[in-house]
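Asker: Just one file: work-v4.cif, with mmCIF, C-alpha atoms.
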```cif
data_data
#
loop_
_atom_site.label_atom_id
_atom_site.label_comp_id
_atom_site.auth_asym_id
_atom_site.auth_seq_id
_atom_site.Cartn_x
_atom_site.Cartn_y
_atom_site.Cartn_z
CA MET A 66 10.22 16.66 2.22
CA ALA A 67 7.53 15.67 -0.25
CA THR A 68 7.10 17.54 -3.50
CA GLY A 69 3.81 17.93 -5.29
CA ARG A 70 0.53 18.64 -3.54
CA GLN A 71 -1.46 16.60 -1.08
CA PHE A 72 -4.16 14.39 -2.58
CA THR A 73 -7.79 15.30 -1.98
CA ARG A 74 -10.35 12.77 -0.81
CA ARG A 75 -12.28 13.08 -4.06
CA GLU A 76 -9.20 12.18 -6.09
CA LEU A 77 -8.70 8.99 -4.09
CA ALA A 78 -12.36 7.87 -4.24
CA LEU A 79 -11.68 5.45 -7.11
CA ASP A 80 -12.06 1.77 -7.77
CA PRO A 81 -8.93 0.15 -6.26
CA VAL A 82 -7.66 -1.03 -9.65
CA GLU A 83 -7.83 2.50 -11.04
CA LEU A 84 -6.42 3.93 -7.82
CA SER A 85 -3.43 1.59 -8.05
CA THR A 86 -2.04 3.18 -11.19
CA LEU A 87 -2.67 6.66 -9.77
CA LEU A 88 -0.59 5.80 -6.70
CA LEU A 89 2.44 4.62 -8.66
CA GLY A 90 4.92 7.48 -8.48
CA ALA A 91 2.96 9.14 -5.67
CA VAL A 92 4.75 10.06 -2.45
CA ILE A 93 3.89 9.00 1.09
CA GLU A 94 5.41 10.92 4.00
CA ALA A 95 5.35 9.92 7.67
CA THR A 96 6.51 11.96 10.64
CA GLY A 97 7.51 10.38 13.95
CA PRO A 98 9.49 11.35 17.05
CA ASP A 99 12.80 10.89 15.23
CA GLY A 100 11.87 12.78 12.07
CA THR A 101 10.21 12.43 8.69
CA VAL A 102 10.70 9.78 6.01
CA THR A 103 9.39 10.21 2.48
CA VAL A 104 8.91 7.34 0.03
CA ARG A 105 8.00 7.27 -3.66
CA LEU A 106 5.63 4.36 -4.30
CA VAL A 107 6.80 1.87 -6.93
CA GLU A 108 4.63 -1.20 -6.27
CA VAL A 109 1.02 -1.60 -5.11
CA GLU A 110 -1.81 -4.17 -5.11
CA ALA A 111 -5.54 -3.60 -5.55
CA TYR A 112 -8.15 -5.23 -3.29
CA ARG A 113 -11.86 -4.75 -3.74
CA GLY A 114 -14.55 -5.83 -1.30
CA LEU A 115 -17.44 -8.25 -1.45
CA ASP A 116 -16.51 -9.44 -4.97
CA ASP A 117 -12.82 -10.11 -4.20
CA PRO A 118 -12.10 -13.40 -2.36
CA ALA A 119 -8.60 -12.17 -1.44
CA SER A 120 -9.92 -9.06 0.30
CA HIS A 121 -10.35 -8.60 4.04
CA CYS A 122 -13.87 -7.34 3.26
CA TYR A 123 -15.02 -10.35 1.24
CA ARG A 124 -17.10 -11.73 4.12
CA GLY A 125 -18.46 -8.40 5.26
CA LYS A 126 -17.72 -5.58 7.64
CA THR A 127 -15.91 -6.26 10.94
CA PRO A 128 -14.18 -4.09 13.54
CA ARG A 129 -10.85 -5.06 11.97
CA ASN A 130 -11.68 -4.02 8.39
CA ALA A 131 -14.03 -1.11 9.14
CA VAL A 132 -11.58 1.49 7.81
CA MET A 133 -11.68 -0.20 4.38
CA TRP A 134 -15.33 0.76 4.04
CA GLY A 135 -14.46 4.44 3.71
CA PRO A 136 -14.39 7.27 3.42
CA ALA A 137 -11.57 7.27 0.88
CA GLY A 138 -8.20 8.76 1.71
CA HIS A 139 -7.69 7.00 5.03
CA LEU A 140 -4.91 4.55 5.90
CA TYR A 141 -5.91 0.96 6.68
CA VAL A 142 -3.19 -0.75 8.74
CA TYR A 143 -3.31 -4.39 9.76
CA PHE A 144 -1.07 -6.77 11.69
CA VAL A 145 0.03 -9.97 9.95
CA TYR A 146 1.88 -13.15 10.92
CA GLY A 147 2.05 -11.88 14.50
CA MET A 148 4.97 -9.60 13.71
CA HIS A 149 4.44 -7.18 10.80
CA PHE A 150 2.22 -4.24 9.85
CA CYS A 151 1.00 -3.53 6.32
CA ALA A 152 -0.60 -0.31 5.08
CA ASN A 153 -3.31 0.35 2.51
CA VAL A 154 -4.81 3.48 0.97
CA VAL A 155 -8.61 3.31 1.12
CA GLY A 156 -10.41 4.13 -2.13
CA THR A 157 -13.95 3.88 -3.55
CA GLU A 158 -17.00 5.82 -2.43
CA ASP A 159 -17.94 5.82 1.26
CA GLY A 160 -19.64 2.55 2.18
CA GLN A 161 -18.13 0.56 -0.71
CA PRO A 162 -15.06 -1.32 0.57
CA GLY A 163 -11.77 -1.34 -1.25
CA ALA A 164 -8.15 -0.38 -0.76
CA VAL A 165 -4.69 -0.52 -2.29
CA LEU A 166 -1.85 -2.28 -0.47
CA LEU A 167 1.42 -0.34 -0.50
CA ARG A 168 3.99 -2.99 -1.42
CA ALA A 169 7.25 -1.12 -2.03
CA GLY A 170 8.85 2.26 -2.52
CA GLU A 171 12.04 4.26 -2.97
CA VAL A 172 13.15 6.47 -0.07
CA VAL A 173 13.52 10.01 -1.38
CA SER A 174 14.17 11.85 1.89
CA GLY A 175 14.95 10.92 5.45
CA ALA A 176 17.36 8.22 4.28
CA ASP A 177 19.43 8.37 7.48
CA ILE A 178 16.32 7.66 9.56
CA ALA A 179 15.28 4.91 7.15
CA ARG A 180 18.69 3.23 7.37
CA ALA A 181 18.58 3.38 11.16
CA ARG A 182 15.20 1.63 11.09
CA ARG A 183 16.34 -0.86 8.46
CA PRO A 184 20.04 -1.54 9.22
CA SER A 185 20.03 -4.88 7.40
CA ALA A 186 19.25 -3.29 4.01
CA ARG A 187 22.11 -3.93 1.58
CA GLY A 188 21.45 -0.76 -0.39
CA ASN A 189 18.99 2.07 -0.92
CA GLY A 190 16.88 -0.12 -3.20
CA GLU A 191 16.12 -2.47 -0.29
CA LEU A 192 15.18 0.18 2.29
CA ALA A 193 11.43 -0.08 1.53
CA LYS A 194 11.26 -3.28 -0.56
CA GLY A 195 8.19 -5.17 0.62
CA PRO A 196 4.98 -4.13 2.42
CA ALA A 197 6.12 -4.88 5.98
CA ILE A 198 9.51 -3.27 5.36
CA LEU A 199 7.82 -0.19 3.90
CA THR A 200 5.73 0.37 7.03
CA SER A 201 8.76 -0.23 9.25
CA VAL A 202 10.82 2.39 7.42
CA LEU A 203 7.92 4.87 7.60
CA GLY A 204 7.34 4.11 11.29
CA ILE A 205 3.75 3.04 10.66
CA ASP A 206 2.04 0.66 13.07
CA ARG A 207 -1.41 0.06 14.55
CA ALA A 208 -1.53 3.63 15.91
CA GLU A 209 -1.80 4.95 12.33
CA ASN A 210 -4.80 2.81 11.41
CA GLY A 211 -7.51 5.16 10.17
CA VAL A 212 -5.41 8.33 9.87
CA ASP A 213 -6.49 10.76 7.18
CA LEU A 214 -3.86 10.93 4.42
CA THR A 215 -5.48 14.08 2.99
CA ASP A 216 -5.15 16.09 6.24
CA PRO A 217 -2.06 18.36 6.36
CA ALA A 218 -1.87 17.78 10.15
CA SER A 219 -1.91 13.98 9.83
CA PRO A 220 1.22 12.02 10.89
CA VAL A 221 1.04 10.25 7.50
CA ARG A 222 0.35 12.21 4.33
CA LEU A 223 -0.05 11.31 0.65
CA PHE A 224 1.16 13.57 -2.15
CA THR A 225 0.97 13.60 -5.90
CA GLY A 226 4.24 12.81 -7.61
CA GLU A 227 5.41 12.76 -11.18
CA ARG A 228 2.95 10.61 -13.13
CA VAL A 229 4.42 7.37 -14.39
CA PRO A 230 4.07 6.81 -18.16
CA GLU A 231 1.72 3.94 -18.97
CA ALA A 232 4.52 2.25 -20.91
CA ASP A 233 6.54 1.94 -17.67
CA ILE A 234 3.76 0.25 -15.66
CA ARG A 235 3.69 -3.53 -15.39
CA THR A 236 0.94 -5.71 -13.94
CA GLY A 237 0.72 -9.29 -12.73
CA PRO A 238 -0.75 -11.62 -10.07
CA ARG A 239 -0.93 -10.50 -6.47
CA VAL A 240 1.67 -11.85 -4.05
CA GLY A 241 1.07 -14.70 -1.63
CA VAL A 242 -2.73 -14.61 -1.54
CA ALA A 243 -4.65 -17.81 -0.78
CA MET A 244 -7.57 -16.99 -3.09
CA ALA A 245 -7.83 -15.38 -6.55
CA MET A 246 -4.10 -16.03 -6.99
CA ASP A 247 -4.02 -15.20 -10.70
CA THR A 248 -5.94 -11.93 -10.58
CA PRO A 249 -3.49 -9.43 -12.16
CA TRP A 250 -4.00 -6.59 -9.69
CA ARG A 251 -0.39 -6.03 -8.67
CA PHE A 252 1.11 -2.98 -10.36
CA TRP A 253 4.73 -1.84 -10.40
CA ILE A 254 7.14 0.54 -12.10
CA ASP A 255 9.35 -1.33 -14.51
CA GLY A 256 13.05 -1.17 -13.66
CA SER A 257 12.78 0.04 -10.07
CA PRO A 258 15.21 -1.84 -7.81
CA ALA A 259 12.74 -1.50 -4.92
CA VAL A 260 10.05 -3.73 -6.48
CA SER A 261 9.59 -6.80 -4.28
CA THR A 262 10.07 -10.42 -5.26
CA TYR A 263 7.00 -12.24 -6.59
CA ARG A 264 5.79 -15.14 -4.44
CA ARG A 265 2.76 -17.08 -5.59
CA GLY A 266 0.16 -17.97 -3.01
CA GLY A 267 -2.12 -20.97 -2.86
CA LYS A 268 -4.60 -22.83 -0.69
CA ARG A 269 -1.85 -24.75 1.08
CA ARG A 270 -0.27 -21.52 2.20
CA ALA A 271 -1.61 -19.56 5.13
CA ALA A 272 -3.62 -16.54 4.02
CA ALA A 273 -1.31 -13.83 2.80
CA PRO A 274 -1.16 -10.40 4.38
CA GLY A 275 -4.92 -9.84 4.41
CA ARG A 276 -6.43 -6.86 2.74
#
```
Could you show the structure in this file as structure tokens?
Answerer:
Amino acid sequence: MATGRQFTRRELALDPVELSTLLLGAVIEATGPDGTVTVRLVEVEAYRGLDDPASHCYRGKTPRNAVMWGPAGHLYVYFVYGMHFCANVVGTEDGQPGAVLLRAGEVVSGADIARARRPSARGNGELAKGPAILTSVLGIDRAENGVDLTDPASPVRLFTGERVPEADIRTGPRVGVAMAMDTPWRFWIDGSPAVSTYRRGGKRRAAAPGR
């Protein structure tokens, strides 16, 4: 069960870079048929819109990326590589695209459910290590695209957690993107075993999990 209070839409209506540091240490909770899993976020990536070549919204609004255009506080879920789902928290003001990719977290409740969904994990630190693994452990797929994280009745909810001291936050290039590879908009909590492995992208590599 999550501690803290549920975020309001106004609190999440931030530039994605600013929102990224707010989300570190926050708690995301998802309820499915087999129960509820709660994860403390330890790694995220910021994606803006028309000024960010690595963003799904760089070339404009489409049916696929429409959720990224707001309002803030909704979950943007996309399918990647024909096999995985990734989840983003939408930020900015309504009509200005931008979101934060949830890259990794630490399971804080519902560990038995998480282990059943992720039986290959070698330890608790690997249960939600990586964006596709995180959504799998939370039971998030295309059905959750667009859900309101600020609604108490939503199947996926976002809560405040204990704020992470600035001294414990690290930043570096985003993972696996084909454009703007060196933009330092990946943020993580130093020392967390759940932080994913860095993998540099490039033009020879297929576009990374799009944002």
Asker: Distance table requested - stretch 185-229 of chain A against stretch 84-106 of chain A, cut-off 6 Å, all atoms listed in the file: one row per qualifying residue with the closest atom pair and its distance in Å to one decimal, ordered by chain and rising residue number, as JSON lines.
Answerer:
```
{"residue": "A:Leu203", "atom": "CA", "partner": "A:Ala95", "partner_atom": "CA", "distance": 5.7}
{"residue": "A:Pro220", "atom": "CA", "partner": "A:Thr96", "partner_atom": "CA", "distance": 5.3}
{"residue": "A:Val221", "atom": "CA", "partner": "A:Ala95", "partner_atom": "CA", "distance": 4.3}
{"residue": "A:Arg222", "atom": "CA", "partner": "A:Glu94", "partner_atom": "CA", "distance": 5.2}
{"residue": "A:Leu223", "atom": "CA", "partner": "A:Ile93", "partner_atom": "CA", "distance": 4.6}
{"residue": "A:Phe224", "atom": "CA", "partner": "A:Val92", "partner_atom": "CA", "distance": 5.0}
{"residue": "A:Thr225", "atom": "CA", "partner": "A:Ala91", "partner_atom": "CA", "distance": 4.9}
{"residue": "A:Gly226", "atom": "CA", "partner": "A:Ala91", "partner_atom": "CA", "distance": 4.3}
{"residue": "A:Glu227", "atom": "CA", "partner": "A:Gly90", "partner_atom": "CA", "distance": 6.0}
{"residue": "A:Arg228", "atom": "CA", "partner": "A:Gly90", "partner_atom": "CA", "distance": 5.9}
{"residue": "A:Val229", "atom": "CA", "partner": "A:Gly90", "partner_atom": "CA", "distance": 5.9}
```
Asker: What's the 7 Å shell around A:Val109, counting only C-alpha atoms, without same-chain residues fewer than 6 positions away, as a VMD selection string?
Answerer: chain A and resid 85 165 to 169 251 to 253
Asker: Tell me which residues the PyMOL selection byres ((chain A and resi 246) around 10) grabs here, as a list in words.
Answerer: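 That expression, the PyMOL selection byres ((chain A and resi 246) around 10), corresponds here to Pro118, Ala119, Pro238, Arg239, Val240, Gly241, Val242, Ala243, Met244, Ala245, Asp247, Thr248, Pro249, Trp250, Arg265, Gly266, Gly267 and Lys268 of chain A.
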Asker: Could you check the closest approach to A:Asp177 for each of A:Leu115, A:Ile234, A:Leu192, A:Ala164 and tell me which residue wins, using all atoms listed in the file?
Answerer: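 Smallest separation from A:Asp177 among the options: A:Leu192.
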Asker: With 4 Å added on each side, what axis-aligned box encloses every listed atom of stretch 148-164 of chain A? Give the centre and edge lengths in Å to one decimal, as AutoDock Vina command-line options.
Answerer:
```
--center_x -7.3 --center_y -1.9 --center_z 5.1 --size_x 32.6 --size_y 23.4 --size_z 25.3
```
Asker: Quick one: of A:Ile198, A:Leu79, A:Ile254, A:Met133, who's nearest to A:His149, counting all atoms listed in the file?
Answerer: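 Among the listed residues, A:Ile198 lies closest to A:His149.
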Asker: I'd like the residues picked by the PyMOL selection byres ((chain A and resi 157) around 12) written out as a count of residues only, using the chain letters and numbers from the file.
Answerer: 35
Asker: For each of A:Ala218, A:Ala208, A:Ala179, A:Ala131, take the minimum atom-to-atom distance to A:Lys194, counting all atoms listed in the file, then give the residue where this is smallest.
Answerer: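 Of A:Ala218, A:Ala208, A:Ala179, A:Ala131, the one nearest A:Lys194, counting all atoms listed in the file, is A:Ala179.
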Asker: Would you compute the distance between atom CA of A:Ala193 and atom CA of A:Thr73? Give it in Å to one decimal.
Answerer: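 So the two atoms, atom CA of A:Ala193 and atom CA of A:Thr73, lie 24.9 Å apart.
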Asker: Distance atom CA of A:Pro196-atom CA of A:Cys151, one decimal place?
Answerer: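 Distance between the two atoms: 5.6 Å.
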Asker: Suppose a student applies the PyMOL selection byres ((chain A and resi 255) around 9) to this structure; what residues should they get, written as a count of residues only?
Answerer: 11
Asker: If I take atom CA of A:Tyr141 and atom CA of A:Gly211, how far is one from the other in Å, to one decimal?
Answerer: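 These two atoms are separated by 5.7 Å.
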Asker: Let me make sure I understand: among A:Arg124, A:Arg264, A:Ser185, A:Glu108, which one has the smallest atom-to-atom distance to A:Gly170 if we use only C-alpha atoms?
Answerer: A:Glu108
